[in-house]
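Okay, structure first, notes after.
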Amino acid sequence: MSSPTNSVPYGVQILQKVSDKCPSLSRIVDRENLYKYSVLVLTFITYAAYHASRKPISVVKIVLYQNCSEVTTSPPINNTDPDWCNWAPFNVENHSALFGTLDSAFLFAYAIAMFFSGIIAERVNIRIFLTIGMLLSGTACSMFGLAHYYNIHSMWYFIGVQIFGGICQTTGWPGVVTAMGNWFGKGNRGFIFGIWNSHTSIGNIIGTLLASLYVESNWGLSFIVPGIFIITSGILNYLFLVVHPSDINSNTHLNEKVQNGHKDEVKEKTEGSPILSHLNGSPKKAVGFIGAIKIPGVIEFSMCLFFAKLVSYTFLYWLPNYIKYSSTYSPSQSADLSTLFDVGGIFGGIAAGIFSDMFGKSACTCAVMLFLAIPSLYAYNLLSSVNLIVNIALLVIAGGLVNGPYALITTAVSAELGTHSSLKGNSKALSTVTSIIDGTGSIGAAVGPLLAAYISNLFGWTSVFYMLMGSNVLAILLLTRLVKRELQNVG
C-alpha cells in the first residue's frame, strides 16, 4: 500500500457524515467513483500548482537584466545609473551565466533529491508527504519574491532558495503518480494519463500568466502569488485526497456497512473490483533502488528522458527570454506568447497517450515524435521571426512534439513499469520507478538550461537549437533496442 495507515482525510470524513445523514444522496452518489475521480482532479491541480511555482523565474529573468534605455518607465529622480532598472547581482555582462546557475541549482537539487524522494514515498503516508512538500515549495517560491521587498542582492541567497525549492519539489511527482496508479488500471492508461499529464502544461501556463501580471510592476509578486497557489492546493490535498482505495475501506467504514446489513455486498465489491482486488493479498515489501532498475525498460526510458527533458526544460526556462531577444515584444508579451509552447504540449501529451494505447508501442510512439521534433525545432529557429502567426503555429507544433514523449514516459510508461509483471503484483515499486525515471530526466533538465545559458552567450541562439536537435537524436538512439523489440512483436 502507498501509506502505512488507512486514515480517511478530515474533509472526506465530513462529507461521509453529511452523505450518511442524507440517504437519498447516498443512493445517487457512487462513492468509489467519486473518490476515484476526485483523485484525478486533485492530483491534476496538485502538479499544475507545482509547475506554476517553477515558472516565474523564466519570466522574471527578462526584467532582472534588460536594456534600461528601452524601458518605458522613468528612472527614480536624480538617478543617473545606466543600470538603474536592473537587479544586482544580475546587472553584469555574464548575467546569462548567473541565470543558468540559478536554474541548475534548482534542477540539480531536484534531480539528486528525486532519487531519495521516491524511496521515502514508498514508506510514508503519501497525502502527508504531498502536503508538507507543497507547503514548503510555496514557501521557497515566495522567498525568492521577498528579495524584492527586502532589497536582497546576495547571489548565495538566490542559490540557497533555489536549492531548497528543488528539494521540496521532489515530493510532487512520486506522490501524484503513485496516487493515480493506485486508482487507475491498465485499460486506456495512456489516454487517461495523456489527458491528466496536461497538468504540466496547464501549470506552466498558469505560472507564466500569473508572473507576467506583475513582472513589469512588482516582480516580487510574480513569485509570491504562485507560492500562495501551491500552498492552498496543499491544504486542499490534506483535507480531501484519498491516496489509496484502502483508505475508504478502513475498519470504521467497514463496520458501518456491516451494521447496515451490507457485509456481503462490501466483500463482493472489494474482491471483484479491479481497483481493490490487489488489497486482499499479503503486504508487500518495498522493492528498493536496485530492484527497480532491474525492471526491463527502466534504464532505457530513464536515459531517453534525460535528453527529452533537457530539451523541454530549456524551453521552460529560456523561451520567454529567447522570444524577447528575437523580437520587439515587451517582457509580458514575450511571456504570454511563450505559453503557446505549453498549449502544444497539452495536445502532444494526449496524442502520445492515444497512439500508445492504440498500438501498444510506447517506445515507437516516443521515437517517432522525437524524430519529428527535430525539423520543428529547426523551423522555429529559422522562421519564428517572420510574423506572429508563423511564430504561434511553430510554437504549438514544437511544443506538441517536444512534450509528447516527455509526458508519455513520465506518466503511462512509469506507471506501466512500476507494475511490471516481473514484480509479481508488488505495487510498492511504483514510487521508486517513477523517481528513478524522473530523477534521471531531471539531471538532463538541469544540464539543458545551463548549456543554453553558456552556448547562447558564446555562440548565439542558433547553436542552442542545434544542441537541442542533437539531444533528440541521442534520445532516439537510446530507444533503439526497445523499438526493435516492439516491432518484432507485431502480429
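Numbering starts fresh at 1 for the residues of each chain in the C-alpha cells, the chains themselves are lettered A, B, ... in the order given, and ligands are numbered from 1 as they appear.
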
Residues near region 343-356 of chain A, cut-off 10 Å, only C-alpha atoms, skip fewer than 6 positions along chain, as a PyMOL selection string: chain A and resi 188-202+204-205+312+362-366+368-369+392-409+411-413

Enumerate, as number ranges by chain, the complete set of residues in region 108-210 of chain A that a backbone-based DSSP assignment places in alpha helix (DSSP H). A: 108-121, 126-149, 155-169, 172-183, 189-196, 198-210

Extract, using only C-alpha atoms, all DNA, RNA and protein residues at most 10 Å from region 166-171 of chain A, discarding same-chain residues fewer than 6 positions from it, and format them as a PDB file with C-alpha atoms, in the first residue's frame.
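Okay, this is what ended up in result-v6.pdb:
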```
ATOM      1  CA  TYR A  47       1.006  19.080 -10.150  1.00  0.00           C
ATOM      2  CA  TYR A  50       3.969  22.526  -8.601  1.00  0.00           C
ATOM      3  CA  HIS A  51       4.747  23.623 -12.155  1.00  0.00           C
ATOM      4  CA  SER A  53       5.577  27.712  -8.874  1.00  0.00           C
ATOM      5  CA  ARG A  54       8.556  26.702 -11.060  1.00  0.00           C
ATOM      6  CA  ASP A 103      18.328  27.172 -12.990  1.00  0.00           C
ATOM      7  CA  SER A 104      20.887  24.458 -12.397  1.00  0.00           C
ATOM      8  CA  ALA A 105      20.906  24.969  -8.621  1.00  0.00           C
ATOM      9  CA  PHE A 106      17.187  24.204  -8.600  1.00  0.00           C
ATOM     10  CA  LEU A 107      17.313  21.373 -11.126  1.00  0.00           C
ATOM     11  CA  PHE A 108      20.396  19.553  -9.833  1.00  0.00           C
ATOM     12  CA  ALA A 109      18.971  19.691  -6.304  1.00  0.00           C
ATOM     13  CA  TYR A 110      15.700  18.377  -7.726  1.00  0.00           C
ATOM     14  CA  ALA A 111      17.405  15.591  -9.677  1.00  0.00           C
ATOM     15  CA  ILE A 112      19.548  14.361  -6.782  1.00  0.00           C
ATOM     16  CA  ALA A 113      16.770  14.570  -4.199  1.00  0.00           C
ATOM     17  CA  MET A 114      14.330  12.812  -6.538  1.00  0.00           C
ATOM     18  CA  PHE A 115      16.197   9.507  -6.224  1.00  0.00           C
ATOM     19  CA  PHE A 116      15.624   9.619  -2.454  1.00  0.00           C
ATOM     20  CA  SER A 117      12.124  11.068  -2.615  1.00  0.00           C
ATOM     21  CA  GLY A 118      10.614   8.025  -4.311  1.00  0.00           C
ATOM     22  CA  ILE A 120      10.754   7.798   1.072  1.00  0.00           C
ATOM     23  CA  ALA A 121       7.347   7.973  -0.629  1.00  0.00           C
ATOM     24  CA  ILE A 126       1.557   9.971   0.535  1.00  0.00           C
ATOM     25  CA  PHE A 129       4.136  13.696   2.120  1.00  0.00           C
ATOM     26  CA  LEU A 130       2.487  15.786  -0.613  1.00  0.00           C
ATOM     27  CA  THR A 131       1.006  18.312   1.808  1.00  0.00           C
ATOM     28  CA  ILE A 132       4.312  19.046   3.539  1.00  0.00           C
ATOM     29  CA  GLY A 133       6.119  19.223   0.196  1.00  0.00           C
ATOM     30  CA  MET A 134       3.603  21.706  -1.207  1.00  0.00           C
ATOM     31  CA  LEU A 135       3.694  23.956   1.844  1.00  0.00           C
ATOM     32  CA  LEU A 136       7.500  24.058   1.711  1.00  0.00           C
ATOM     33  CA  SER A 137       7.541  24.542  -2.088  1.00  0.00           C
ATOM     34  CA  GLY A 138       5.199  27.513  -1.751  1.00  0.00           C
ATOM     35  CA  THR A 139       7.441  28.946   0.958  1.00  0.00           C
ATOM     36  CA  ALA A 140      10.526  28.562  -1.260  1.00  0.00           C
ATOM     37  CA  GLY A 160      20.048  28.761  -1.485  1.00  0.00           C
ATOM     38  CA  SER A 435      11.617   8.662  -9.064  1.00  0.00           C
ATOM     39  CA  ASP A 438      12.046  11.326 -13.464  1.00  0.00           C
ATOM     40  CA  GLY A 439      15.256  11.803 -11.451  1.00  0.00           C
TER      41      GLY A 439
END
```

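Closest approach to Asn91 (chain A) among A:Asn489, A:Gln66, A:Thr339, A:Thr46: A:Gln66, based on only C-alpha atoms.
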
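Minimum distance to Lys309 (chain A) across A:Ile159, A:Ala475, A:Gly175, A:Ser326 (counting only C-alpha atoms) occurs at A:Ala475.
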
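Residue nearest Val63 (chain A), chosen from A:Leu372, A:Leu479, A:Cys85, A:Leu316 and counting only C-alpha atoms: A:Cys85.
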